[in-house]
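For reference, the structure discussed in these notes is given below.
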Amino acid sequence: MDVYDRAKQLGIQTEFVDGQGQRHVTDATALKIILDALPERNPTRLLDQPVVIRTGETTRTELGPAAALPVSWRVTAGDGVIGEGRADQRVIAWPADWKEGVYRLKLTDTASPTEEIPLVVSPPRAFAGEFDRGWLLAVQLYSIRSSRNWGIGDFTDLAALLELATQLGADGVGLNPLHALFDDKPADCSPYSPNSRLFLNPLYIDVERIAEFEAGSEVHKAAARLREGHIVDYIGVAELKWRALRAAFEKFKKQPAPGRKEDLDAFRAERAPLLSRFACFEVLRHKFGGAWWEWPPEWRAPDDARCTYLRGGDDAGEIEFVEFVQWTADRQLRDCRDLARRLGMKVGLYLDVAVGVQSGGFDAWNEQTAISRHLSVGAPPDPLNVAGQNWGLAGFNAAGLELQLFEPYREMLRASMRYAGAIRLDHVLGLKRLYLVPHGFAPDNGAYVQMPFEALLAATAQESMAHRCIVIGEDLGTVPEGFRDTMSGWGIWSYQVMMFERDERGAFRGPDRYLPNALVTFNTHDLSTYAGWRSFGDLKIKRSLGIDPGESDDARWHALTMLDEVLRNQQIEGNNLYSVAAFLSKTRSRLMAISLEDLLGVIDQPNIPGTVNEHPNWRQRLPVAIADIGHEIDIDALRAATQERALPRM
């Protein structure tokens, strides 16, 4: 069997037409690497995908045409049997009284060995939220200036943002990913290229809030220097914070404040065994250097027994330090969640979840079955990226997730939802199919690998209901027919960006064209700010960097004219940011986001895709301190623009 036949059997799409109408066939060498990188999985005969049962609904599953009747089935959880039976016809009607969970379904017919697939019993839909409509203040946390932080926004600043958002009438604060990055590579600061999606970035810790920390004059002087300028000095911030965190930890070991040691022990139990593995990984990474697949063989995969051994040796202190740091970050973020609840916010924290992880990071080491380090998630060529895209991130694969009953995916959701009222899944299309590119190949030489879409939506609904957390899927661009309807049917909200909501003549669509269960915004962190868009600043910056902005000045003038037209049609005066906010407030969408950069009239955007060092991506600080933001914003105009969001919609 050649690689193309093998790929077809496993549901891998090796031929596609790109966004420019060009036909692509994946190179055989590239395809072999993709196949070899995925876990071994034999094609199934009886059922070709996991079974999904929604509680309260009758579920019937049709057996494959090759099934030799009768077919016996058994559903197990661990060593226990949940149910069993026999199908004498080609349809199995499942019992309606099973508890929610993920189980193993074993099927046997008269002609083949026993096959095993997951069976998911889930709520009918994800958590819907308990409000009519509201809005969020969208912020890059690192960009916050304050008179007390150490040159980067931190969790104490986040608390101040929540209070500011309440003053402005907002129902929560939206943040880019808070995922853990590599502590020894502070210059690699993209929140979308994490070491781990399961743990937090320690640079957001307010060290001075740690009970055991004692600040000296030199620390305050260094922090004051780091607060200067318009660019976050990640290297300087990391050096100062890690030194201070170690000092606080040393005092904690000798004389912890009352109740603190017990709380750390409770946190270890809450996050076991992942926390212990993460701490061991970080220690090993610093000890051995290089990629984890080049480490001594005994450490190239997680081993809880070896981690216990490591904890009992010379590295015990370093392991405890990593756990101490994560505990500190967790509790400070939890305090922000608690504050949002006291403030009566409808959403509170809205957190972003990256589409993948760095192959050399903890998640890829910890989960080598469901994540392949040899493949990168990307996108085929389209009009905006004619060469295709390789995001350099490792993503989940279907076979590995199914073998482990989707637990790695659910762990990621739990970590993200832990203190969030809403999360956004970046590139939610990846729940249905992922475009995977082998390392060393151009982005146009990848292949689409199908994912167990319904089962992942069911797992998402389980975690969403358990955490009472709204899930928003970033579904921008072209998606397969029926994708958004299926997502909506599971209660996953859409993500609508006004910049893209235009018809064939470039006219902006009216408020009635926006979905009710959606988050609506004018732009994203990868697009121009409103002030930059109106002033053509984004076009000028991209051209200065040698990047084709994909839009002419004439096209921009036309877009501005079209904006004026849609605002006038809604009897909205002017065309400033508050006018746009008033328009978005009129949409049916239950959530709206307004970025703090837009409210402050910032010209440059946080990130320009396709650049690394050419532009200060993820480094720019806001022009004013958080204590002064209220004086820079026309609060009365903002409240007037968003007043419909504060009222029930009839």
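Labeling convention for the structure tokens: chains A, B, ... as they appear, residues from 1 per chain, ligands from 1 in order of appearance.
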
Could the residues of region 356-440 of chain A that have an atom at most 10 Å from region 291-303 of chain A be listed as CSV, each with its closest atom pair and the distance in Å to one decimal, counting only C-alpha atoms and ordered by chain and ascending residue number?
residue,atom,partner,partner_atom,distance
A:Ser359,CA,A:Ala291,CA,8.7
A:Gly360,CA,A:Ala291,CA,5.6
A:Gly361,CA,A:Trp292,CA,8.1
A:Phe362,CA,A:Trp292,CA,9.0
A:Ala364,CA,A:Trp292,CA,9.4
A:Trp365,CA,A:Ala301,CA,6.2
A:Asn366,CA,A:Pro302,CA,5.7
A:Glu367,CA,A:Pro302,CA,8.5
A:Gln368,CA,A:Ala301,CA,7.8
A:Arg373,CA,A:Trp293,CA,9.5

Taking only residues of region 401-428 of chain A that have an atom at most 12 Å from an atom of region 18-39 of chain A, what is each one's shortest atom pair and its distance in Å to one decimal, using only C-alpha atoms, in chain and number order, as JSON lines?
{"residue": "A:Leu401", "atom": "CA", "partner": "A:Pro39", "partner_atom": "CA", "distance": 9.8}
{"residue": "A:Glu402", "atom": "CA", "partner": "A:Pro39", "partner_atom": "CA", "distance": 10.3}
{"residue": "A:Leu403", "atom": "CA", "partner": "A:Pro39", "partner_atom": "CA", "distance": 9.1}
{"residue": "A:Gln404", "atom": "CA", "partner": "A:Pro39", "partner_atom": "CA", "distance": 11.5}

**Long-range neighbours of Asn397 (chain A) as a list in words, 9 Å cut-off, only C-alpha atoms, 5 positions minimum in chain** =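 My list of contacting residues is Leu38, Pro39, Thr369, Ala370, Ile371, Ser372, Glu402, Leu434, Val449, Gln450 and Met451 of chain A.
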
**Prompt:** Contacts of Arg54 (chain A) at 7 Å or less, counting only C-alpha atoms, minus same-chain residues fewer than 5 places along, as a list of chain:residue names?
**Reply:**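 After dropping sequence-adjacent residues, the list is A:Val121, A:Ser122, A:Pro123, A:Pro124.
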
Can you write out the residues you just picked, keeping C-alpha atoms, as an mmCIF file, in the first residue's frame?
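Ended up saving to selection28.cif:
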data_model
loop_
_atom_site.group_PDB
_atom_site.id
_atom_site.type_symbol
_atom_site.label_atom_id
_atom_site.label_comp_id
_atom_site.auth_asym_id
_atom_site.auth_seq_id
_atom_site.Cartn_x
_atom_site.Cartn_y
_atom_site.Cartn_z
ATOM 1 C CA VAL A 121 -21.718 11.299 27.101
ATOM 2 C CA SER A 122 -22.014 15.067 27.290
ATOM 3 C CA PRO A 123 -24.404 17.929 28.043
ATOM 4 C CA PRO A 124 -26.451 18.949 24.989
#

**Request:** Find the residues around Phe483 (chain A) up to 10 Å (only C-alpha atoms counted), leave out those fewer than 6 positions away in its own chain, and share them as a list in words.
**Result:**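 Contacts, in chain order: Leu429, Lys432, Phe453, Asp475 and Gly489 of chain A.
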
Keeping only N, CA and C atoms, write the selected residues to a file as an mmCIF file, in the first residue's frame.
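Printed below is out-v6.cif as written:
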data_model
loop_
_atom_site.group_PDB
_atom_site.id
_atom_site.type_symbol
_atom_site.label_atom_id
_atom_site.label_comp_id
_atom_site.auth_asym_id
_atom_site.auth_seq_id
_atom_site.Cartn_x
_atom_site.Cartn_y
_atom_site.Cartn_z
ATOM 1 N N LEU A 429 -11.250 26.075 13.902
ATOM 2 C CA LEU A 429 -11.367 25.115 12.796
ATOM 3 C C LEU A 429 -10.510 23.875 13.066
ATOM 4 N N LYS A 432 -11.954 20.502 13.805
ATOM 5 C CA LYS A 432 -12.497 19.681 12.707
ATOM 6 C C LYS A 432 -11.387 19.120 11.829
ATOM 7 N N PHE A 453 -14.445 15.844 15.259
ATOM 8 C CA PHE A 453 -15.085 17.133 15.513
ATOM 9 C C PHE A 453 -16.183 17.044 16.576
ATOM 10 N N ASP A 475 -13.375 31.762 14.435
ATOM 11 C CA ASP A 475 -13.764 31.104 13.185
ATOM 12 C C ASP A 475 -13.652 32.049 11.996
ATOM 13 N N GLY A 489 -24.699 24.699 17.156
ATOM 14 C CA GLY A 489 -25.567 23.683 17.731
ATOM 15 C C GLY A 489 -25.040 23.130 19.044
#

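Of the listed residues (A:Pro438, A:Gly482, A:Gly356, A:Pro95), A:Pro95 comes nearest to Thr58 (chain A); the distances count only C-alpha atoms.
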
**Item:** Atom-to-atom span, CA of Glu250 (chain A) and CA of Pro177 (chain A), Å
**Value:** 29.5 Å

**Message:** as a PyMOL selection string, please: every residue in region 479-606 of chain A that a backbone DSSP assignment puts in strand (DSSP E).
**Reply:** chain A and resi 494-497+518-521+591-595

**Request:** Using only C-alpha atoms, determine which residues lie at most 12 Å from region 339-346 of chain A, disregarding the query and same-chain residues fewer than 2 positions distant; provide the list as a VMD selection string.
**Result:** chain A and resid 128 to 137 155 to 156 158 to 173 332 to 337 348 to 350 419 to 422 468 to 470 590 to 591 645 to 646

**Asked** What does the distance between CA of Arg74 (chain A) and CA of Thr61 (chain A) come to in Å, to one decimal place?
**Response**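 Here the two named atoms are 14.4 Å from each other.
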
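Put simply, CA of Gln13 (chain A) is 9.3 Å away from CA of Tyr435 (chain A).
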
**Item:** Top pick for closest residue to Leu476 (chain A), considering A:Leu622, A:Cys189, A:Ala458, A:Leu425 and counting only C-alpha atoms
**Value:** A:Leu425

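Using only C-alpha atoms, the nearest neighbour of His179 (chain A) within the list A:Ala272, A:Val428, A:Ala215, A:Leu203 is A:Leu203.
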
**Message:** I need the residue nearest Val207 (chain A) from this list: A:Val75, A:Ala466, A:Leu245, A:Val237. Use only C-alpha atoms for the distance.
**Reply:**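 Selected residue with least distance to Val207 (chain A): A:Leu245.
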